[in-house]
Amino acid sequence: MTTNPNGRAVPLVASGHTRPVTHLSFSPLQEDGSYLLISSCKDGKPMLRDWTGDWIGTFMGAVWSAKLSLDTAKAVTGSADFTAKVWDTYSGEVLQSFPHDHIVRTVDLSPSGTQIVTGDQTKKIRIFDLGRPDADPKYLMGKGIETAHEKTVKSAVWWDLRSHEAAYTVKFPNAITSLELSAPTGTLVLTYGNDVSFYPVIPSSSPSHTLTLPHPPSSASLHPTSGNRFVAGSTNDPWVRVYALLDGTELELYKGHHGPVHAVMYSPDGEMYASGSEDGTIRLWQTTPGKSYGLWQSQSNGL
């Protein structure tokens, strides 16, 4: 049974990691309605799971960030071993490895799957062409500097990929703790200090929306279909909270982790969200507790 008698959500626990989970990322919905989840962890074993939370495979490397290609055939990881690696998700083999000067903290794949972008501890952003792995990467650099940012990252930058120069910059009063793109809603979600900000992908198209929360968010994710709520984790406590986008009203509050929550993300269909914690576990929560979905079976089915 996955819902208790009072209707409260009981999460599915995806175990396997032994150290803090640093990042989570779902793939887009596939043609058959399924999707994948990849997790990054300090234990050196990023894991790939199917949409029910079942384990598919494990890669190697103390990973800070991991993303999947649109077709889920490839994964890219950024690691503490000073490399970014591209993986075959079917075989688990490393396809390409790109050396860096320091720890690689964030990575992503282009929509075409032909390029990767990386950000490392030195504040350098590199773009690698997977079709020319031996070629030097292209760098995104701020005006008058040889890195993308100076010192602590307190700004979000929209880059012109033709000139590799900054096109638009928004500065914040505190260090940015997470930045995720909600592709279905065309929104960038940023957390910093006690605030969560929501920016359109094209920043001048409409005004931004900022909410101040009672708990400093470590990560936040916007619901991909309704767009009227978001989930957030905090490094201050082990609780997972869902807030109304309009005014920041706390809608749901769940405890299941035994340590601070470092990462949260909604599934691409919005039916659930995942949370990753200092305790080394990933928990999957239903958006609508009691609804039959995946491994959850409602009490109305007699289970």
# chains A, B, ... in the order shown; residues from 1 in each chain; ligands from 1
>>> residues_around(residues="segment 278-288 of chain A", least_positions_apart="6", cutoff="7 Å", atoms="only C-alpha atoms", output="mmCIF file with C-alpha atoms, in the first residue's frame")
data_model
loop_
_atom_site.group_PDB
_atom_site.id
_atom_site.type_symbol
_atom_site.label_atom_id
_atom_site.label_comp_id
_atom_site.auth_asym_id
_atom_site.auth_seq_id
_atom_site.Cartn_x
_atom_site.Cartn_y
_atom_site.Cartn_z
ATOM 1 C CA ALA A 9 1.415 10.619 0.634
ATOM 2 C CA PRO A 11 6.795 8.079 -0.981
ATOM 3 C CA LEU A 12 8.493 5.298 -2.865
ATOM 4 C CA VAL A 13 12.102 5.042 -1.712
ATOM 5 C CA ALA A 14 14.739 4.531 -4.394
ATOM 6 C CA SER A 15 17.730 3.306 -2.425
ATOM 7 C CA HIS A 17 23.254 5.486 -2.989
ATOM 8 C CA THR A 18 25.513 5.613 0.069
ATOM 9 C CA ARG A 19 26.365 9.324 0.202
ATOM 10 C CA PRO A 20 24.518 12.630 -0.395
ATOM 11 C CA VAL A 21 22.468 12.928 -3.592
ATOM 12 C CA HIS A 257 14.195 12.018 4.486
ATOM 13 C CA HIS A 258 16.617 11.891 7.396
ATOM 14 C CA GLY A 259 18.812 14.746 6.232
ATOM 15 C CA PRO A 260 18.709 18.017 4.263
ATOM 16 C CA VAL A 261 17.109 17.896 0.816
ATOM 17 C CA HIS A 262 19.587 18.937 -1.895
ATOM 18 C CA GLU A 271 2.328 13.048 -11.860
ATOM 19 C CA MET A 272 5.134 12.877 -9.293
#
>>> residues_around(residues="Thr152 of chain A", least_positions_apart="5", cutoff="10 Å", atoms="only C-alpha atoms", output="PyMOL selection string")
chain A and resi 123+174-176
>>> closest_residue(among="A:Phe98, A:Tyr192, A:Tyr266, A:Tyr199", to="Thr169 of chain A", atoms="only C-alpha atoms")
A:Tyr199
>>> residues_around(residues="segment 124-139 of chain A", least_positions_apart="2", cutoff="12 Å", atoms="only C-alpha atoms", output="short mmCIF file (atom, residue, chain, number, x, y, z; two decimals) with C-alpha atoms, in the first residue's frame")
data_model
loop_
_atom_site.label_atom_id
_atom_site.label_comp_id
_atom_site.auth_asym_id
_atom_site.auth_seq_id
_atom_site.Cartn_x
_atom_site.Cartn_y
_atom_site.Cartn_z
CA LYS A 74 22.98 9.31 -23.94
CA VAL A 76 26.42 13.40 -19.67
CA THR A 83 36.12 15.38 -16.34
CA ALA A 84 32.80 15.49 -18.15
CA LYS A 85 31.80 12.16 -19.64
CA VAL A 86 29.25 11.13 -22.24
CA TRP A 87 27.71 7.69 -21.67
CA LEU A 95 31.59 7.21 -25.25
CA GLN A 96 33.71 10.32 -24.69
CA SER A 97 35.60 11.98 -21.86
CA PHE A 98 36.55 15.67 -21.73
CA PRO A 99 39.23 16.88 -19.28
CA HIS A 100 38.84 20.08 -17.24
CA ASP A 101 41.01 22.18 -14.92
CA HIS A 102 38.86 21.57 -11.85
CA ILE A 103 35.73 19.86 -10.53
CA VAL A 104 32.90 19.89 -13.09
CA ARG A 105 29.83 21.12 -11.22
CA THR A 106 27.16 21.29 -13.93
CA VAL A 107 26.56 19.78 -17.38
CA ASP A 108 23.91 19.57 -20.09
CA LEU A 109 23.33 18.24 -23.61
CA SER A 110 22.10 20.33 -26.52
CA SER A 112 20.27 17.90 -30.93
CA GLY A 113 22.54 15.76 -28.75
CA THR A 114 25.58 16.93 -30.72
CA GLN A 115 27.08 19.27 -28.11
CA ILE A 116 27.56 19.39 -24.36
CA VAL A 117 28.01 22.42 -22.14
CA THR A 118 29.91 22.29 -18.85
CA GLY A 119 30.61 24.59 -15.93
CA ASP A 120 33.48 23.94 -13.54
CA GLN A 121 34.78 25.25 -10.23
CA THR A 122 36.93 27.85 -12.01
CA MET A 141 33.21 34.61 -21.27
CA GLY A 142 32.02 37.69 -19.47
CA ILE A 145 37.24 38.53 -18.05
CA GLU A 146 38.34 35.06 -19.10
CA THR A 147 35.58 33.28 -17.19
CA ALA A 148 31.78 33.33 -17.31
CA HIS A 149 31.46 34.71 -13.79
CA GLU A 150 33.64 36.40 -11.19
CA LYS A 151 33.98 35.05 -7.65
CA VAL A 153 28.01 33.25 -8.82
CA VAL A 157 23.31 35.12 -17.81
CA TRP A 159 24.30 33.87 -23.77
CA ASP A 160 24.42 34.57 -27.50
CA LEU A 161 25.75 31.30 -28.92
CA ARG A 162 26.78 33.00 -32.15
CA SER A 163 29.13 35.49 -30.53
CA HIS A 164 29.65 33.53 -27.27
CA GLU A 165 29.03 36.75 -25.38
CA ALA A 166 26.53 37.68 -22.70
#
>>> residues_around(residues="segment 38-46 of chain A", least_positions_apart="4", cutoff="9 Å", atoms="only C-alpha atoms", output="MDAnalysis selection string")
chainID A and resid 17:27 50 57:68 75 77:80 276 280 282
>>> atom_distance(atom1="atom CA of Trp158 of chain A", atom2="atom CA of Thr185 of chain A")
17.4 Å
>>> closest_residue(among="A:Ile56, A:Leu245, A:Leu251, A:Ala167", to="Phe198 of chain A", atoms="only C-alpha atoms")
A:Leu245
>>> closest_residue(among="A:Val196, A:Ala220, A:Val240, A:Leu211", to="Glu180 of chain A", atoms="only C-alpha atoms")
A:Ala220
>>> select_by_dssp(residues="segment 34-115 of chain A", states="strand (DSSP E or B)", output="number ranges by chain")
A: 36-41, 47-50, 55-58, 63-68, 74-79, 83-88, 94-99, 104-109, 115
>>> atom_distance(atom1="atom CA of Gly53 of chain A", atom2="atom CA of Leu37 of chain A")
7.7 Å
>>> closest_residue(among="A:Ser155, A:Ser219, A:Tyr168, A:Thr177", to="Ser204 of chain A", atoms="only C-alpha atoms")
A:Tyr168
>>> atom_distance(atom1="atom CA of Val189 of chain A", atom2="atom CA of Leu222 of chain A")
7.3 Å
>>> closest_residue(among="A:Thr52, A:Thr191, A:Ser218, A:Thr212", to="Pro238 of chain A", atoms="only C-alpha atoms")
A:Ser218
>>> residues_around(residues="Trp55 of chain A", least_positions_apart="6", cutoff="9 Å", atoms="only C-alpha atoms", output="list in words")
Ala14, Gly16, Met47, Leu48 and Arg49 of chain A
